[in-house]
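**Q** Following this line is my_file22.txt, made up of compact mmCIF, C-alpha atoms:
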```txt
# COMPACT_ATOMS: atom_id res chain seq x y z
CA MET H 873 -70.37 18.67 19.81
CA ALA H 874 -68.76 16.09 22.09
CA LYS H 875 -65.35 17.80 21.80
CA SER H 876 -66.73 21.20 22.79
CA PHE H 877 -68.61 19.58 25.71
CA ARG H 878 -65.36 17.98 26.95
CA ALA H 879 -63.45 21.24 26.49
CA TRP H 880 -66.14 23.05 28.49
CA HIS H 881 -65.91 20.49 31.31
CA PHE H 882 -62.12 20.73 31.27
CA GLY H 883 -62.34 24.54 31.48
CA VAL H 884 -64.80 24.35 34.38
CA GLY H 885 -62.56 21.82 36.12
CA VAL H 886 -59.51 24.07 35.79
CA LEU H 887 -61.52 27.03 37.08
CA VAL H 888 -62.74 25.04 40.09
CA ILE H 889 -59.16 24.00 40.89
CA LEU H 890 -57.87 27.59 40.56
CA VAL H 891 -60.60 28.88 42.85
CA GLY H 892 -60.13 26.00 45.29
CA ILE H 893 -56.38 26.53 45.72
CA GLN H 894 -57.06 30.10 46.86
CA PHE H 895 -58.22 28.61 50.17
CA VAL H 896 -54.87 26.94 50.91
CA PRO H 897 -53.43 29.11 53.70
CA VAL H 898 -50.07 30.80 53.17
CA ALA H 899 -48.35 32.82 55.92
CA HIS H 900 -47.26 36.30 54.84
CA THR H 901 -45.06 37.08 57.83
CA ASN H 902 -42.93 40.01 58.88
CA PRO H 903 -41.16 38.99 62.09
CA PRO H 904 -39.90 41.77 64.36
CA VAL H 905 -36.84 43.71 63.22
CA GLU H 906 -34.01 42.71 65.57
CA ALA H 907 -31.11 44.59 63.96
CA GLN H 908 -30.38 47.30 61.44
CA PRO H 909 -27.22 47.49 59.34
CA GLN H 910 -24.88 50.40 59.90
CA TRP H 911 -25.11 51.57 56.30
CA ASP H 912 -22.10 53.20 54.72
CA SER H 913 -24.45 55.80 53.18
CA PRO H 914 -28.13 56.69 52.84
CA GLU H 915 -27.84 55.93 49.11
CA THR H 916 -26.81 52.33 49.80
CA GLU H 917 -29.70 51.93 52.21
CA GLY H 918 -32.15 53.33 49.65
CA LEU H 919 -30.91 51.04 46.89
CA ALA H 920 -30.95 48.02 49.24
CA ARG H 921 -34.49 48.84 50.37
CA ALA H 922 -35.65 49.06 46.74
CA ALA H 923 -33.81 46.03 45.38
CA CYS H 924 -33.29 43.69 48.34
CA PHE H 925 -35.51 44.29 51.36
CA ASP H 926 -38.64 42.44 50.22
CA CYS H 927 -36.76 39.13 50.28
CA HIS H 928 -33.84 39.85 52.60
CA SER H 929 -35.43 41.60 55.58
CA ASN H 930 -38.37 41.33 57.94
CA GLU H 931 -39.87 44.39 56.26
CA THR H 932 -41.39 42.69 53.23
CA GLU H 933 -44.03 44.65 51.39
CA TRP H 934 -46.36 41.91 50.17
CA PRO H 935 -47.82 42.89 46.76
CA TRP H 936 -51.36 41.92 45.73
CA TYR H 937 -50.18 39.02 43.57
CA SER H 938 -48.48 37.40 46.57
CA TYR H 939 -52.00 36.59 47.84
CA VAL H 940 -53.06 34.72 44.68
CA ALA H 941 -52.23 31.00 44.51
CA PRO H 942 -50.13 29.44 43.11
CA VAL H 943 -47.97 32.60 42.84
CA SER H 944 -48.42 33.14 46.60
CA TRP H 945 -46.77 29.80 47.36
CA TRP H 946 -43.77 30.62 45.18
CA THR H 947 -43.43 34.16 46.57
CA VAL H 948 -43.61 33.13 50.23
CA HIS H 949 -41.11 30.32 49.59
CA HIS H 950 -38.63 32.73 47.96
CA VAL H 951 -38.95 35.26 50.79
CA GLU H 952 -38.40 32.54 53.41
CA GLU H 953 -35.41 31.21 51.48
CA GLY H 954 -33.97 34.70 51.01
CA ARG H 955 -34.34 35.54 54.70
CA SER H 956 -32.70 32.25 55.72
CA MET H 957 -29.57 33.11 53.73
CA PHE H 958 -29.27 36.86 54.27
CA ASN H 959 -31.60 38.88 56.47
CA MET H 960 -30.85 42.54 57.10
CA SER H 961 -33.30 42.56 60.03
CA GLU H 962 -31.60 39.93 62.20
CA GLU H 963 -28.43 39.90 64.28
CA GLY H 964 -25.42 38.73 62.29
CA PHE H 965 -27.38 39.23 59.03
CA GLY H 966 -27.04 35.61 57.90
CA ARG H 967 -24.46 33.29 56.51
CA HIS H 968 -24.24 35.01 53.11
CA ALA H 969 -24.05 38.67 54.16
CA ASP H 970 -20.48 38.95 52.91
CA ASP H 971 -21.56 37.51 49.53
CA ALA H 972 -24.34 40.05 48.97
CA ALA H 973 -22.23 42.45 46.90
CA GLU H 974 -20.88 39.63 44.72
CA GLU H 975 -24.41 38.36 44.01
CA VAL H 976 -25.50 41.84 42.89
CA GLU H 977 -22.32 42.41 40.90
CA GLU H 978 -22.72 39.11 39.03
CA GLY H 979 -26.37 39.89 38.22
CA GLU H 980 -27.62 37.01 40.37
CA MET H 981 -29.61 39.45 42.51
CA PRO H 982 -32.21 40.71 42.37
CA ILE H 983 -33.72 37.70 40.63
CA TRP H 984 -35.47 38.17 37.29
CA PRO H 985 -39.12 37.92 38.24
CA TYR H 986 -38.63 40.30 41.16
CA ASP H 987 -36.97 43.07 39.19
CA TRP H 988 -39.49 42.62 36.40
CA ALA H 989 -42.39 43.23 38.80
CA HIS H 990 -40.70 45.96 40.90
CA ALA H 991 -39.46 48.99 38.99
CA GLY H 992 -37.28 50.13 41.93
CA ALA H 993 -35.31 46.90 41.75
CA ARG H 994 -34.33 47.47 38.11
CA LEU H 995 -30.92 48.98 38.70
CA SER H 996 -28.97 50.98 36.16
CA GLU H 997 -25.31 50.03 35.77
CA GLU H 998 -24.37 53.05 37.88
CA GLU H 999 -26.85 52.10 40.63
CA ARG H 1000 -25.70 48.48 40.55
CA ALA H 1001 -22.05 49.56 40.96
CA GLN H 1002 -23.02 51.93 43.78
CA LEU H 1003 -25.01 49.18 45.54
CA VAL H 1004 -22.14 46.70 45.17
CA GLN H 1005 -19.67 49.18 46.65
CA GLY H 1006 -22.08 50.07 49.46
CA LEU H 1007 -22.85 46.43 50.31
CA ARG H 1008 -19.14 45.66 50.49
CA ALA H 1009 -18.58 48.64 52.77
CA THR H 1010 -21.55 47.67 54.95
CA PHE H 1011 -21.31 43.86 55.09
CA GLY H 1012 -17.84 43.05 53.80
CA GLY H 1013 -17.04 40.72 51.00
CA GLU H 1014 -14.27 40.22 48.47
CA GLY H 1015 -11.51 42.74 48.95
CA HIS H 1016 -12.94 44.17 52.18
CA GLU H 1017 -11.91 43.58 55.75
CA GLY H 1018 -14.68 43.41 58.32
CA GLY H 1019 -18.19 42.77 57.20
CA GLU H 1020 -20.84 41.12 59.31
CA HIS H 1021 -18.42 40.68 62.20
CA GLU H 1022 -18.38 44.47 62.59
CA HIS H 1023 -22.08 44.23 63.30
CA ALA H 1024 -22.06 41.17 65.53
CA SER H 1025 -23.96 41.31 68.77
CA GLU H 1026 -22.07 42.05 71.99
CA GLU H 1027 -22.43 38.41 73.04
CA GLU H 1028 -20.88 37.17 69.78
CA ALA H 1029 -18.04 39.69 70.13
CA HIS H 1030 -17.11 38.18 73.51
CA GLU H 1031 -16.97 34.71 71.94
CA HIS H 1032 -14.19 35.80 69.50
```
Do you think you could lay out the structure here as structure tokens?
**A**
Amino acid sequence: MAKSFRAWHFGVGVLVILVGIQFVPVAHTNPPVEAQPQWDSPETEGLARAACFDCHSNETEWPWYSYVAPVSWWTVHHVEEGRSMFNMSEEGFGRHADDAAEEVEEGEMPIWPYDWAHAGARLSEEERAQLVQGLRATFGGEGHEGGEHEHASEEEAHEH
């Protein structure tokens, strides 16, 4: 009897904690779009929107589970981290724009939990190859001249 009473208290305690953490505020932001890539093709844009935009643009579509703690904390952190490295909605696109194709080609992107939860991000081998080629043509990368510098703002162009 004492063990079941303790288990019940433990269960109630866990439930109280899970409910309580829902009140910890988390900012689901979508800052203004400042830039748009000059896509090499509509197909590349479509694949990038499906597989990349939620974490690498200011056009994140926040799913229901991103409002449930503790998953919300993890999701918002990953979006902020993704935007800080490569953001298709900001001038210059970020310090890793020219690495985007390599990350996709090596299977590093999209990350596992994202493609598991988003069917559009589960790329076939053909789609992955097409996205890699399109990202290289759009942002540059290994074996491609140009890249993000082609899309630099007028002010940055005058600095070079």
**Q** Specify the axis-aligned box that encloses all atoms of region 969-973 of chain H listed in the file after padding of 4 Å on each side, stating its centre and edge lengths in Å to one decimal as lines of an AutoDock Vina configuration file.
**A**
```
center_x = -22.4
center_y = 40.0
center_z = 50.5
size_x = 11.9
size_y = 12.9
size_z = 15.3
```
**Q** Which residue out of H:Gln894, H:Ser876, H:Asn902, H:Gln910 has the minimum interatomic distance to Cys927 (chain H) when all atoms listed in the file are used?
**A** H:Asn902
**Q** Mind giving me the straight-line distance from CA of Glu998 (chain H) to CA of Gly979 (chain H) in Å, one decimal?
**A**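 Calculated distance between CA of Glu998 (chain H) and CA of Gly979 (chain H) is 13.3 Å.
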**Q** Which residue, H:Val1004, H:Ala991, H:Met957, H:Ala899, has the smallest gap to Glu977 (chain H) when you use only C-alpha atoms?
**A**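 Of H:Val1004, H:Ala991, H:Met957, H:Ala899, the one nearest Glu977 (chain H) is H:Val1004, counting only C-alpha atoms.
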**Q** Could you state the separation of CA of Val943 (chain H) and CA of Phe958 (chain H) in Å, given to one decimal place?
**A**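 According to the coordinates, CA of Val943 (chain H) and CA of Phe958 (chain H) are separated by 22.3 Å.
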**Q** Go ahead and find all residues with at least one atom no further than 12 Å from (-36.4, 37.4, 59.3) in the file's coordinates, using only C-alpha atoms; report them as JSON, numbers by chain.
**A** {"H": [900, 901, 902, 903, 904, 905, 906, 907, 908, 925, 926, 927, 928, 929, 930, 931, 932, 951, 952, 953, 954, 955, 956, 957, 958, 959, 960, 961, 962, 963, 964, 965, 966]}
**Q** How many Å separate CA of Ser996 (chain H) from CA of Trp934 (chain H)?
**A**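 Straight-line distance from CA of Ser996 (chain H) to CA of Trp934 (chain H) works out to 24.1 Å.
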